[in-house]
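Trainee: Okay, so here is final_21.txt, and as you'll see once you scroll down, it has compact mmCIF, C-alpha atoms.
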```txt
# COMPACT_ATOMS: atom_id res chain seq x y z
CA MET Y 564 69.51 153.93 -36.59
CA ALA Y 565 72.90 155.57 -36.94
CA LYS Y 566 73.46 157.88 -39.86
CA GLN Y 567 75.54 156.57 -42.74
CA VAL Y 568 79.11 157.69 -42.17
CA GLN Y 569 80.52 157.02 -45.63
CA ALA Y 570 79.87 159.64 -48.32
CA GLN Y 571 77.76 158.22 -51.15
CA ARG Y 572 80.40 159.11 -53.73
CA LEU Y 573 82.67 156.44 -52.22
CA GLU Y 574 80.20 153.62 -52.73
CA GLY Y 575 81.60 151.07 -55.15
CA VAL Y 576 85.09 152.56 -55.23
CA ASP Y 577 86.28 151.71 -51.72
CA ASN Y 578 87.53 148.18 -52.51
CA ASN Y 579 90.91 148.02 -54.23
CA ILE Y 580 92.59 144.83 -55.42
CA TRP Y 581 96.01 146.48 -55.24
CA VAL Y 582 95.93 146.57 -51.44
CA GLU Y 583 95.31 142.82 -51.30
CA LEU Y 584 97.93 141.92 -53.91
CA VAL Y 585 100.64 144.12 -52.37
CA SER Y 586 99.96 142.46 -49.02
CA LEU Y 587 100.18 138.97 -50.56
CA ALA Y 588 103.42 139.83 -52.36
CA ALA Y 589 104.97 140.77 -49.02
CA GLN Y 590 103.47 137.78 -47.21
CA TYR Y 591 104.93 135.25 -49.65
CA LYS Y 592 108.25 137.13 -50.02
CA THR Y 593 107.89 137.25 -53.77
CA VAL Y 594 110.11 138.54 -56.52
CA ASN Y 595 107.94 141.55 -57.27
CA LEU Y 596 107.29 142.15 -60.95
CA GLY Y 597 103.83 143.40 -60.05
CA GLN Y 598 104.05 146.95 -58.74
CA GLY Y 599 105.07 149.57 -61.27
CA PHE Y 600 108.03 151.30 -59.73
CA PRO Y 601 111.80 151.10 -60.32
CA ASP Y 602 113.82 149.26 -57.68
CA PHE Y 603 116.90 151.29 -58.65
CA SER Y 604 117.93 154.88 -57.87
CA PRO Y 605 117.08 157.98 -59.90
CA PRO Y 606 119.99 159.46 -61.88
CA SER Y 607 122.68 161.07 -59.76
CA PHE Y 608 122.17 164.59 -61.15
CA VAL Y 609 118.58 164.83 -59.85
CA ARG Y 610 119.41 163.15 -56.52
CA GLU Y 611 122.25 165.60 -55.98
CA ALA Y 612 119.98 168.52 -56.89
CA PHE Y 613 117.36 167.36 -54.36
CA SER Y 614 119.97 166.88 -51.65
CA LYS Y 615 121.49 170.29 -52.27
CA ALA Y 616 118.07 171.95 -52.29
CA ILE Y 617 117.14 170.74 -48.80
CA THR Y 618 120.55 170.86 -47.07
CA GLU Y 619 121.85 174.32 -47.98
CA GLU Y 620 121.71 176.82 -45.12
CA ASN Y 621 119.33 179.79 -45.26
CA THR Y 622 117.48 178.48 -48.27
CA LEU Y 623 113.83 179.10 -49.06
CA LEU Y 624 113.67 175.72 -50.79
CA ASN Y 625 112.47 174.16 -47.54
CA GLN Y 626 109.49 176.53 -47.44
CA TYR Y 627 106.36 177.14 -49.52
CA THR Y 628 106.90 178.04 -53.14
CA ARG Y 629 104.29 179.19 -55.66
CA ALA Y 630 101.21 177.04 -55.03
CA PHE Y 631 100.59 176.15 -58.69
CA GLY Y 632 104.19 175.20 -59.41
CA HIS Y 633 107.72 176.19 -58.40
CA PRO Y 634 108.72 179.03 -60.80
CA PRO Y 635 111.86 177.32 -62.19
CA LEU Y 636 109.88 174.11 -62.81
CA VAL Y 637 106.89 175.63 -64.60
CA LYS Y 638 109.31 177.73 -66.67
CA ILE Y 639 111.31 174.76 -67.91
CA LEU Y 640 108.18 172.66 -68.47
CA ALA Y 641 106.71 175.44 -70.60
CA GLU Y 642 109.95 175.75 -72.55
CA LEU Y 643 110.38 171.99 -73.15
CA PHE Y 644 106.79 171.13 -74.01
CA GLY Y 645 106.38 174.34 -75.96
CA GLN Y 646 109.14 173.05 -78.27
CA LEU Y 647 107.57 169.60 -78.49
CA LEU Y 648 104.05 170.93 -79.14
CA LYS Y 649 105.32 173.72 -81.42
CA ARG Y 650 103.44 176.45 -79.57
CA GLU Y 651 104.36 179.07 -77.00
CA LEU Y 652 103.30 178.06 -73.50
CA ASP Y 653 102.81 180.51 -70.66
CA PRO Y 654 104.39 178.91 -67.56
CA LEU Y 655 101.92 180.68 -65.25
CA CYS Y 656 98.75 179.92 -67.22
CA ASN Y 657 99.36 176.70 -69.17
CA VAL Y 658 101.18 174.60 -66.55
CA LEU Y 659 99.97 173.29 -63.18
CA VAL Y 660 102.26 171.22 -60.94
CA SER Y 661 100.49 168.86 -58.56
CA VAL Y 662 101.15 165.88 -56.29
CA GLY Y 663 102.21 163.43 -58.96
CA ALA Y 664 100.26 162.55 -62.09
CA TYR Y 665 97.59 161.18 -59.73
CA GLY Y 666 97.07 164.68 -58.33
CA ALA Y 667 96.94 166.23 -61.78
CA LEU Y 668 94.36 163.65 -62.92
CA TYR Y 669 92.27 164.16 -59.77
CA ASN Y 670 92.28 167.90 -60.37
CA ALA Y 671 91.10 167.37 -63.94
CA PHE Y 672 88.24 165.03 -63.04
CA GLN Y 673 87.04 167.17 -60.15
CA ALA Y 674 87.32 170.40 -62.11
CA LEU Y 675 85.76 169.37 -65.42
CA VAL Y 676 83.45 166.38 -64.81
CA ASP Y 677 80.01 167.15 -63.37
CA ASP Y 678 77.06 165.08 -62.18
CA GLY Y 679 75.74 162.96 -65.02
CA ASP Y 680 78.58 163.70 -67.42
CA GLU Y 681 79.74 160.68 -69.41
CA VAL Y 682 83.44 159.85 -69.52
CA ILE Y 683 84.76 157.45 -72.15
CA LEU Y 684 87.44 155.06 -70.84
CA ILE Y 685 89.46 153.02 -73.33
CA GLU Y 686 90.05 149.53 -71.93
CA PRO Y 687 92.41 148.42 -70.56
CA PHE Y 688 92.76 151.61 -68.52
CA PHE Y 689 94.82 152.66 -65.52
CA ASP Y 690 92.60 151.76 -62.62
CA CYS Y 691 92.23 155.22 -61.01
CA TYR Y 692 90.27 156.64 -63.96
CA GLU Y 693 87.11 154.80 -63.02
CA PRO Y 694 86.86 155.84 -59.33
CA MET Y 695 87.92 159.39 -60.15
CA THR Y 696 85.09 159.59 -62.68
CA LYS Y 697 82.56 158.24 -60.20
CA MET Y 698 83.71 160.46 -57.31
CA ALA Y 699 83.22 163.49 -59.58
CA GLY Y 700 79.64 162.35 -60.25
CA GLY Y 701 80.35 161.17 -63.78
CA ARG Y 702 79.29 157.98 -65.52
CA CYS Y 703 81.87 155.69 -67.10
CA VAL Y 704 81.39 154.54 -70.68
CA TYR Y 705 83.75 151.73 -71.70
CA ILE Y 706 85.23 150.83 -75.06
CA PRO Y 707 87.86 148.09 -75.35
CA LEU Y 708 90.95 147.90 -77.49
CA ARG Y 709 90.55 144.63 -79.37
CA PRO Y 710 93.46 142.36 -80.33
CA LYS Y 711 93.50 141.72 -84.06
CA LEU Y 712 94.29 138.19 -85.25
CA THR Y 713 97.83 137.67 -86.50
CA ASP Y 714 99.32 135.02 -88.72
CA ALA Y 715 100.69 131.91 -87.01
CA GLY Y 716 104.24 132.53 -85.86
CA THR Y 717 103.81 136.33 -85.91
CA GLN Y 718 105.02 138.00 -82.73
CA LEU Y 719 102.18 139.22 -80.53
CA SER Y 720 102.47 143.00 -80.17
CA SER Y 721 100.57 145.77 -78.43
CA TRP Y 722 100.35 147.37 -81.90
CA ASN Y 723 97.77 144.72 -82.81
CA TRP Y 724 95.35 145.98 -80.14
CA ARG Y 725 93.21 148.54 -81.93
CA LEU Y 726 90.37 150.94 -81.26
CA ASP Y 727 87.43 150.88 -83.65
CA PRO Y 728 86.57 154.53 -84.48
CA ALA Y 729 83.03 153.57 -85.51
CA GLU Y 730 82.49 151.80 -82.19
CA LEU Y 731 83.88 154.83 -80.36
CA GLU Y 732 81.59 157.23 -82.21
CA ALA Y 733 78.60 155.01 -81.44
CA LYS Y 734 79.30 155.43 -77.70
CA ILE Y 735 78.87 159.21 -77.83
CA THR Y 736 75.69 160.83 -76.53
CA LYS Y 737 74.67 164.37 -75.70
CA ARG Y 738 76.03 163.75 -72.17
CA THR Y 739 79.54 162.76 -73.33
CA LYS Y 740 82.00 165.24 -71.78
CA VAL Y 741 85.46 163.63 -71.68
CA LEU Y 742 87.52 160.95 -73.39
CA VAL Y 743 90.48 159.62 -71.39
CA LEU Y 744 93.52 158.61 -73.43
CA ASN Y 745 96.61 156.82 -72.09
CA THR Y 746 99.60 156.53 -74.41
CA PRO Y 747 101.88 154.67 -73.91
CA ASN Y 748 99.19 152.59 -72.28
CA ASN Y 749 99.35 150.93 -68.88
CA PRO Y 750 99.07 147.89 -68.72
CA LEU Y 751 99.26 147.02 -72.43
CA GLY Y 752 102.22 149.15 -73.47
CA LYS Y 753 100.41 150.25 -76.63
CA VAL Y 754 101.67 153.44 -78.27
CA PHE Y 755 98.91 155.05 -80.32
CA ASN Y 756 100.25 156.07 -83.72
CA ARG Y 757 99.45 159.30 -85.52
CA GLU Y 758 96.66 157.81 -87.64
CA GLU Y 759 94.92 156.38 -84.56
CA LEU Y 760 95.24 159.66 -82.67
CA GLU Y 761 93.94 161.65 -85.63
CA GLU Y 762 90.84 159.45 -85.68
CA ILE Y 763 90.29 160.08 -81.97
CA ALA Y 764 91.01 163.80 -82.37
CA ASN Y 765 88.53 164.15 -85.23
CA ILE Y 766 85.80 162.62 -83.07
CA CYS Y 767 86.66 164.88 -80.11
CA VAL Y 768 86.49 167.95 -82.33
CA LYS Y 769 83.30 166.82 -84.12
CA TYR Y 770 81.41 166.26 -80.87
CA ASN Y 771 83.13 168.95 -78.77
CA ILE Y 772 84.60 166.45 -76.29
CA LEU Y 773 87.42 167.17 -73.84
CA CYS Y 774 90.45 164.87 -73.76
CA PHE Y 775 92.45 163.91 -70.66
CA SER Y 776 95.69 162.55 -72.12
CA ASP Y 777 97.78 160.58 -69.61
CA GLU Y 778 101.30 160.53 -71.08
CA VAL Y 779 103.42 159.62 -68.07
CA TYR Y 780 105.49 157.08 -70.07
CA GLU Y 781 106.11 159.51 -72.94
CA TRP Y 782 109.90 158.97 -73.00
CA LEU Y 783 109.69 155.17 -72.85
CA VAL Y 784 108.92 154.05 -76.42
CA TYR Y 785 110.78 151.21 -78.14
CA ASP Y 786 111.76 149.80 -81.52
CA GLY Y 787 111.61 153.19 -83.20
CA SER Y 788 108.03 153.89 -82.12
CA GLN Y 789 107.21 157.59 -81.78
CA HIS Y 790 105.23 159.22 -79.00
CA ILE Y 791 102.69 161.61 -80.53
CA ARG Y 792 101.09 164.21 -78.27
CA ILE Y 793 97.42 164.50 -79.13
CA ALA Y 794 97.38 168.11 -77.89
CA GLY Y 795 99.57 168.94 -80.89
CA LEU Y 796 96.99 167.77 -83.44
CA PRO Y 797 94.62 170.27 -85.13
CA GLY Y 798 91.78 171.40 -82.90
CA MET Y 799 93.05 169.54 -79.82
CA TRP Y 800 95.12 172.01 -77.79
CA GLU Y 801 92.06 173.97 -76.69
CA ARG Y 802 90.27 170.81 -75.47
CA THR Y 803 93.11 168.70 -74.00
CA ILE Y 804 94.63 168.31 -70.55
CA THR Y 805 97.99 166.55 -70.89
CA VAL Y 806 99.29 164.84 -67.75
CA GLY Y 807 102.96 164.06 -67.09
CA SER Y 808 105.05 162.60 -64.28
CA ALA Y 809 108.51 163.33 -62.95
CA GLY Y 810 108.31 160.03 -61.09
CA LYS Y 811 108.17 158.09 -64.36
CA THR Y 812 110.48 160.48 -66.22
CA PHE Y 813 113.32 160.44 -63.67
CA SER Y 814 112.64 157.06 -61.98
CA ALA Y 815 111.65 158.81 -58.74
CA THR Y 816 108.06 157.78 -58.13
CA GLY Y 817 108.21 158.60 -54.40
CA TRP Y 818 108.86 162.28 -55.06
CA LYS Y 819 105.26 162.69 -56.27
CA VAL Y 820 105.77 165.54 -58.73
CA GLY Y 821 103.43 165.64 -61.72
CA TRP Y 822 101.87 168.26 -63.95
CA ALA Y 823 98.98 169.14 -66.21
CA LEU Y 824 99.43 171.16 -69.40
CA GLY Y 825 96.63 172.84 -71.27
CA PRO Y 826 94.87 176.07 -72.23
CA ASP Y 827 94.20 178.54 -69.46
CA HIS Y 828 90.41 178.30 -69.86
CA LEU Y 829 90.70 174.66 -68.67
CA ILE Y 830 93.76 174.80 -66.41
CA LYS Y 831 92.28 177.63 -64.34
CA HIS Y 832 89.60 175.24 -63.07
CA LEU Y 833 92.22 172.64 -62.13
CA ARG Y 834 94.01 175.37 -60.16
CA THR Y 835 90.82 175.91 -58.15
CA VAL Y 836 90.68 172.23 -57.15
CA HIS Y 837 94.41 172.13 -56.44
CA GLN Y 838 94.40 175.17 -54.16
CA ASN Y 839 91.46 173.78 -52.19
CA SER Y 840 92.83 170.26 -51.76
CA VAL Y 841 96.60 169.68 -51.69
CA TYR Y 842 97.49 173.38 -52.27
CA HIS Y 843 101.20 172.73 -52.63
CA CYS Y 844 103.90 170.17 -53.55
CA ALA Y 845 107.32 169.60 -51.99
CA THR Y 846 109.52 172.54 -52.98
CA GLY Y 847 112.82 170.64 -52.85
CA ALA Y 848 111.51 167.90 -55.16
CA GLN Y 849 110.21 170.50 -57.62
CA GLU Y 850 113.59 172.26 -57.61
CA ALA Y 851 115.39 168.98 -58.32
CA VAL Y 852 113.00 168.11 -61.15
CA ALA Y 853 113.45 171.58 -62.64
CA GLN Y 854 117.22 171.14 -62.67
CA GLY Y 855 116.82 167.66 -64.13
CA PHE Y 856 114.72 168.96 -67.02
CA GLN Y 857 117.15 171.83 -67.59
CA LYS Y 858 119.98 169.34 -68.03
CA GLU Y 859 117.90 167.06 -70.24
CA LEU Y 860 116.72 169.93 -72.44
CA GLU Y 861 120.35 170.69 -73.26
CA ARG Y 862 120.98 167.12 -74.46
CA LEU Y 863 117.52 166.14 -75.71
CA GLY Y 864 117.73 163.21 -78.12
CA LYS Y 865 121.50 162.84 -77.70
CA PRO Y 866 123.22 159.62 -76.56
CA ASP Y 867 124.09 161.08 -73.14
CA SER Y 868 120.44 161.99 -72.42
CA TYR Y 869 119.01 160.09 -69.46
CA PHE Y 870 115.77 159.72 -71.39
CA VAL Y 871 117.64 157.94 -74.21
CA GLN Y 872 119.75 155.81 -71.88
CA LEU Y 873 116.79 154.70 -69.76
CA ARG Y 874 114.76 153.86 -72.86
CA ASP Y 875 117.57 151.77 -74.35
CA GLU Y 876 118.20 149.97 -71.06
CA LEU Y 877 114.53 149.18 -70.56
CA GLN Y 878 114.18 147.85 -74.09
CA LYS Y 879 116.86 145.27 -73.25
CA LYS Y 880 115.03 144.35 -70.04
CA ARG Y 881 111.77 144.07 -71.97
CA ASP Y 882 113.33 141.72 -74.51
CA ARG Y 883 114.84 139.59 -71.75
CA LEU Y 884 111.53 139.27 -69.92
CA HIS Y 885 109.75 138.45 -73.19
CA ARG Y 886 112.18 135.57 -73.79
CA CYS Y 887 111.81 134.22 -70.24
CA LEU Y 888 108.02 134.33 -70.32
CA THR Y 889 107.94 132.62 -73.71
CA GLU Y 890 110.22 129.82 -72.52
CA VAL Y 891 107.92 128.96 -69.61
CA GLY Y 892 104.90 128.67 -71.91
CA MET Y 893 103.28 132.07 -71.55
CA LYS Y 894 102.39 134.18 -74.60
CA PRO Y 895 103.73 137.68 -73.89
CA VAL Y 896 102.52 140.66 -75.90
CA ILE Y 897 105.59 142.70 -76.81
CA CYS Y 898 105.00 146.29 -75.67
CA GLN Y 899 105.76 149.34 -77.78
CA GLY Y 900 106.19 151.55 -74.71
CA SER Y 901 105.88 151.96 -70.91
CA TYR Y 902 107.55 149.48 -68.55
CA PHE Y 903 104.86 146.84 -68.53
CA MET Y 904 104.22 143.70 -70.53
CA ILE Y 905 101.11 141.55 -70.47
CA ALA Y 906 101.13 137.80 -71.11
CA ASP Y 907 98.48 135.21 -71.91
CA VAL Y 908 98.61 132.40 -69.30
CA SER Y 909 95.84 130.18 -70.69
CA HIS Y 910 98.54 127.54 -71.37
CA PHE Y 911 98.57 126.86 -67.60
CA LYS Y 912 94.92 125.95 -67.19
CA SER Y 913 95.84 122.26 -67.09
CA GLU Y 914 98.33 122.95 -64.28
CA VAL Y 915 96.30 125.67 -62.53
CA PRO Y 916 92.60 124.92 -63.14
CA PRO Y 917 90.09 127.80 -63.01
CA PRO Y 918 88.57 128.53 -59.60
CA ALA Y 919 85.28 126.94 -58.56
CA ASP Y 920 83.84 130.44 -58.13
CA ASN Y 921 83.24 131.48 -61.74
CA THR Y 922 82.73 135.11 -60.73
CA VAL Y 923 86.47 135.39 -60.02
CA PRO Y 924 88.49 136.18 -63.17
CA TYR Y 925 90.99 133.43 -63.92
CA ASN Y 926 93.96 135.80 -63.94
CA THR Y 927 93.18 137.01 -60.41
CA TYR Y 928 93.13 133.42 -59.18
CA PHE Y 929 96.28 132.59 -61.18
CA VAL Y 930 98.27 135.55 -59.85
CA LYS Y 931 97.47 134.62 -56.24
CA TRP Y 932 98.42 130.98 -56.96
CA MET Y 933 101.69 132.11 -58.57
CA MET Y 934 102.63 134.31 -55.62
CA LYS Y 935 101.96 131.51 -53.15
CA ASN Y 936 103.46 128.61 -55.10
CA LYS Y 937 106.16 130.23 -57.26
CA GLN Y 938 107.01 133.35 -55.20
CA LEU Y 939 106.62 135.54 -58.29
CA ALA Y 940 104.29 138.55 -58.25
CA ALA Y 941 102.35 140.02 -61.18
CA ILE Y 942 99.04 141.86 -61.59
CA PRO Y 943 95.86 140.47 -63.16
CA VAL Y 944 94.94 142.48 -66.24
CA SER Y 945 91.27 142.20 -65.25
CA ALA Y 946 92.09 144.92 -62.67
CA PHE Y 947 92.34 147.31 -65.64
CA TYR Y 948 88.87 146.51 -67.01
CA SER Y 949 85.34 147.36 -66.00
CA VAL Y 950 83.53 144.58 -64.15
CA PRO Y 951 81.33 143.64 -67.15
CA HIS Y 952 84.41 143.14 -69.35
CA GLN Y 953 86.84 141.50 -66.93
CA LYS Y 954 86.05 137.97 -68.04
CA MET Y 955 86.73 138.87 -71.69
CA PHE Y 956 90.44 139.30 -70.96
CA GLU Y 957 90.84 137.07 -67.91
CA ASN Y 958 93.76 135.08 -69.35
CA TYR Y 959 96.21 138.01 -69.22
CA ILE Y 960 98.52 139.09 -66.41
CA ARG Y 961 100.86 142.10 -66.27
CA PHE Y 962 104.57 142.10 -65.50
CA CYS Y 963 106.74 145.14 -64.72
CA PHE Y 964 110.33 145.12 -66.03
CA VAL Y 965 111.65 148.44 -64.68
CA LYS Y 966 113.77 146.46 -62.23
CA GLU Y 967 117.39 145.87 -61.31
CA ASP Y 968 119.15 143.07 -63.19
CA ALA Y 969 119.34 141.20 -59.88
CA THR Y 970 115.54 141.26 -59.62
CA LEU Y 971 115.17 140.03 -63.20
CA ASP Y 972 117.82 137.36 -62.50
CA ALA Y 973 115.74 136.07 -59.60
CA ALA Y 974 112.58 136.09 -61.72
CA GLU Y 975 114.36 134.26 -64.53
CA LYS Y 976 115.49 131.51 -62.15
CA ILE Y 977 111.91 131.03 -60.97
CA LEU Y 978 110.65 130.85 -64.54
CA GLN Y 979 113.41 128.43 -65.62
CA LYS Y 980 112.71 126.12 -62.69
CA TRP Y 981 108.99 126.30 -63.42
CA SER Y 982 109.62 125.42 -67.07
CA SER Y 983 111.85 122.51 -66.10
CA GLU Y 984 109.28 121.15 -63.66
CA SER Y 985 106.48 121.43 -66.23
CA THR Y 986 108.60 119.64 -68.86
CA GLY Y 987 109.38 116.89 -66.35
CA ARG Y 988 105.72 116.34 -65.56
CA LYS Y 989 104.84 116.06 -69.24
CA ALA Y 990 107.62 113.52 -69.79
CA GLN Y 991 106.30 111.23 -67.07
```
Could the structure of this file be written out as structure tokens, please?
Mentor:
Amino acid sequence: MAKQVQAQRLEGVDNNIWVELVSLAAQYKTVNLGQGFPDFSPPSFVREAFSKAITEENTLLNQYTRAFGHPPLVKILAELFGQLLKRELDPLCNVLVSVGAYGALYNAFQALVDDGDEVILIEPFFDCYEPMTKMAGGRCVYIPLRPKLTDAGTQLSSWNWRLDPAELEAKITKRTKVLVLNTPNNPLGKVFNREELEEIANICVKYNILCFSDEVYEWLVYDGSQHIRIAGLPGMWERTITVGSAGKTFSATGWKVGWALGPDHLIKHLRTVHQNSVYHCATGAQEAVAQGFQKELERLGKPDSYFVQLRDELQKKRDRLHRCLTEVGMKPVICQGSYFMIADVSHFKSEVPPPADNTVPYNTYFVKWMMKNKQLAAIPVSAFYSVPHQKMFENYIRFCFVKEDATLDAAEKILQKWSSESTGRKAQ
């Protein structure tokens, strides 16, 4: 008998629904509100900086730079986030630049999660957290955000999805090592407020738990919501790895520049993983991101800041998509942050009956039906839950609104036609 080729750590994490859904979206030539990336260009000042970095003659910006982060980039990251966290950051010890936020997260899981360690994942969670935990030898422990009932006529909001601190504390054992936080949350768009974060922080401190805080949508918060960095709360800096993304910050996801911030006694272990895996990130992209942050630091919070302009523009797109989804009969949950919105599609069960195979979550079946029959792509929210909990939230699908107006125009036409056809059927 031939030896098993696949490493055991890949068992159970090798299948990925994203591969199938991306393929179907292309096959049916859909209007793609599924994948989470902008279909518009990054701001001109970072594009010009990238172009200049790689086209100038006799430049070292086409060669290796410092392995743990291009010096100008780690310097500006330390300066910016030092201001925001109200502490002095050492660019060489407290900042690690890696291949996107994905790379920074991978470094954290590999460096700090050991065989048998328990990692608490707050559902819904970005789907890479689970396989990264398992590949590091850890065991996932799940706790869901639960939607609280609202009065009739009250707008559904991600704010209503809450974490029960008592339920969280009950999940902790002597093997609990890490809690993974994502704020603003993908796919829900929830922004954890200060009170919620203080409850989480108190538990982390009480039980000596590390926190991986994924904050890639930190600049995209709406309606006056405030992004609070948990690393800035008492007792949390020394136990928190904060992950950020230039791709989300500057609408340049393909550049794959991300970072981890934290105390040196944690970051030094991430550096070990980084240097023995990817080793290095594209120098030209890091240079462009550094220049982008330098410009933004000078106008932080001002009307001409790209962060402010992008936030305001996306809030308009969010409100437009919310209206369109409501008109067709879905029940969208208005998001406080990120560029995603989930919607309840249980209204359509008379038009799109559940699949005969009751092991398939309804939203997975519905999304595939919608791509084939309506040429509109979304993502089933069950993809962001553990298998035991997928059926609990199987009526929700996720839409992405960080898209050109032309893309949203096309989606709106599909939704309007769908609404008209449904109204016509009911009138018959």
Trainee: So which one's closest to His910 of chain Y, Y:Val965, Y:Ala845, Y:Val676, Y:Leu888? Using all atoms listed in the file, please.
Mentor: Y:Leu888
Trainee: How far is it from atom CA of Glu967 of chain Y to atom CA of Phe603 of chain Y, in Å with one decimal?
Mentor: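 Result for atom CA of Glu967 of chain Y versus atom CA of Phe603 of chain Y: 6.1 Å, one decimal.
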Trainee: For His633 of chain Y, list every protein, DNA or RNA residue within 8 Å, evaluated using only C-alpha atoms, and leave out those in the same chain fewer than 4 positions away; present the list as a list in words.
Mentor: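 Using only C-alpha atoms, the neighbours found are Thr628, Arg629, Val637, Val660, Thr846, Gln849 and Glu850 of chain Y.
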Trainee: Write out as a PyMOL selection string the residues lying within 12 Å of segment 851-859 of chain Y, counting all atoms listed in the file and excluding same-chain residues fewer than 3 positions away.
Mentor: chain Y and resi 605-617+624+632-644+660+663+782+808-816+818-822+845-848+862-872
Trainee: With all atoms listed in the file as the atoms that count, which of Y:Phe929, Y:Phe903, Y:Trp981, Y:Tyr692 lies nearest to Gly597 of chain Y?
Mentor: Y:Phe903
Trainee: Quick one: pull the distance between atom CA of Ala589 of chain Y and atom CA of Ala940 of chain Y, Å, one decimal.
Mentor: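 Those two atoms sit 9.5 Å apart.
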Trainee: Provide the atom CA of Leu744 of chain Y to atom CA of Ser909 of chain Y distance in Å, to one decimal place.
Mentor: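 Interatomic distance, atom CA of Leu744 of chain Y to atom CA of Ser909 of chain Y: 28.7 Å.
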Trainee: For Gly700 of chain Y, which residue among Y:Gln571, Y:Ser982, Y:Glu781, Y:Leu587 is the nearest when counting all atoms listed in the file?
Mentor: Y:Gln571
Trainee: Y:Val741, Y:Leu708, Y:Ala946, Y:Leu873: which is nearest Tyr770 of chain Y, counting all atoms listed in the file?
Mentor: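 Distance minimum relative to Tyr770 of chain Y lands on Y:Val741.
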Trainee: Find the residues around Val836 of chain Y up to 10 Å (all atoms listed in the file counted), leave out those fewer than 2 positions away in its own chain, and share them as a PDB file with C-alpha atoms, in the frame of the given file.
Mentor:
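Result saved to out07.pdb:
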```pdb
ATOM      1  CA  GLY Y 666      97.070 164.680 -58.330  1.00  0.00           C
ATOM      2  CA  ALA Y 667      96.940 166.230 -61.780  1.00  0.00           C
ATOM      3  CA  TYR Y 669      92.270 164.160 -59.770  1.00  0.00           C
ATOM      4  CA  ASN Y 670      92.280 167.900 -60.370  1.00  0.00           C
ATOM      5  CA  ALA Y 671      91.100 167.370 -63.940  1.00  0.00           C
ATOM      6  CA  PHE Y 672      88.240 165.030 -63.040  1.00  0.00           C
ATOM      7  CA  GLN Y 673      87.040 167.170 -60.150  1.00  0.00           C
ATOM      8  CA  ALA Y 674      87.320 170.400 -62.110  1.00  0.00           C
ATOM      9  CA  LYS Y 831      92.280 177.630 -64.340  1.00  0.00           C
ATOM     10  CA  HIS Y 832      89.600 175.240 -63.070  1.00  0.00           C
ATOM     11  CA  LEU Y 833      92.220 172.640 -62.130  1.00  0.00           C
ATOM     12  CA  ARG Y 834      94.010 175.370 -60.160  1.00  0.00           C
ATOM     13  CA  GLN Y 838      94.400 175.170 -54.160  1.00  0.00           C
ATOM     14  CA  ASN Y 839      91.460 173.780 -52.190  1.00  0.00           C
ATOM     15  CA  SER Y 840      92.830 170.260 -51.760  1.00  0.00           C
ATOM     16  CA  VAL Y 841      96.600 169.680 -51.690  1.00  0.00           C
ATOM     17  CA  TYR Y 842      97.490 173.380 -52.270  1.00  0.00           C
TER      18      TYR Y 842
END
```
Trainee: Could you name the residues that touch Lys954 of chain Y at 12 Å or less, counting all atoms listed in the file, but leaving out those on the same chain fewer than 2 positions away, as a list of chain:residue names?
Mentor: Y:Asn921, Y:Thr922, Y:Val923, Y:Pro924, Y:Tyr925, Y:Asn926, Y:Thr927, Y:Pro943, Y:Val944, Y:Ser945, Y:Ala946, Y:Phe947, Y:Tyr948, Y:Ser949, Y:Val950, Y:Pro951, Y:His952, Y:Phe956, Y:Glu957, Y:Asn958, Y:Tyr959
Trainee: Using all atoms listed in the file, can you list as a CSV table (one decimal) with C-alpha atoms, in the frame of the given file the residues within 12 Å of (95.3, 149.1, -82.3)?
Mentor:
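The file below, point-v9.csv, is the result:
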```csv
chain,number,residue,atom,x,y,z
Y,685,ILE,CA,89.5,153.0,-73.3
Y,686,GLU,CA,90.0,149.5,-71.9
Y,707,PRO,CA,87.9,148.1,-75.4
Y,708,LEU,CA,91.0,147.9,-77.5
Y,709,ARG,CA,90.6,144.6,-79.4
Y,710,PRO,CA,93.5,142.4,-80.3
Y,711,LYS,CA,93.5,141.7,-84.1
Y,712,LEU,CA,94.3,138.2,-85.2
Y,720,SER,CA,102.5,143.0,-80.2
Y,721,SER,CA,100.6,145.8,-78.4
Y,722,TRP,CA,100.4,147.4,-81.9
Y,723,ASN,CA,97.8,144.7,-82.8
Y,724,TRP,CA,95.4,146.0,-80.1
Y,725,ARG,CA,93.2,148.5,-81.9
Y,726,LEU,CA,90.4,150.9,-81.3
Y,727,ASP,CA,87.4,150.9,-83.6
Y,728,PRO,CA,86.6,154.5,-84.5
Y,746,THR,CA,99.6,156.5,-74.4
Y,748,ASN,CA,99.2,152.6,-72.3
Y,751,LEU,CA,99.3,147.0,-72.4
Y,752,GLY,CA,102.2,149.2,-73.5
Y,753,LYS,CA,100.4,150.2,-76.6
Y,754,VAL,CA,101.7,153.4,-78.3
Y,755,PHE,CA,98.9,155.0,-80.3
Y,756,ASN,CA,100.2,156.1,-83.7
Y,757,ARG,CA,99.4,159.3,-85.5
Y,758,GLU,CA,96.7,157.8,-87.6
Y,759,GLU,CA,94.9,156.4,-84.6
Y,760,LEU,CA,95.2,159.7,-82.7
Y,762,GLU,CA,90.8,159.4,-85.7
Y,899,GLN,CA,105.8,149.3,-77.8
```
Trainee: Just the residues within 12 Å of Lys737 of chain Y, please, counting only C-alpha atoms, with nothing from its chain fewer than 4 positions along; format it as a list of chain:residue names.
Mentor: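 Here the qualifying residues turn out to be Y:Gly679, Y:Asp680, Y:Glu681, Y:Val682, Y:Glu732, Y:Ala733, Y:Val741, Y:Tyr770, Y:Asn771, Y:Ile772.
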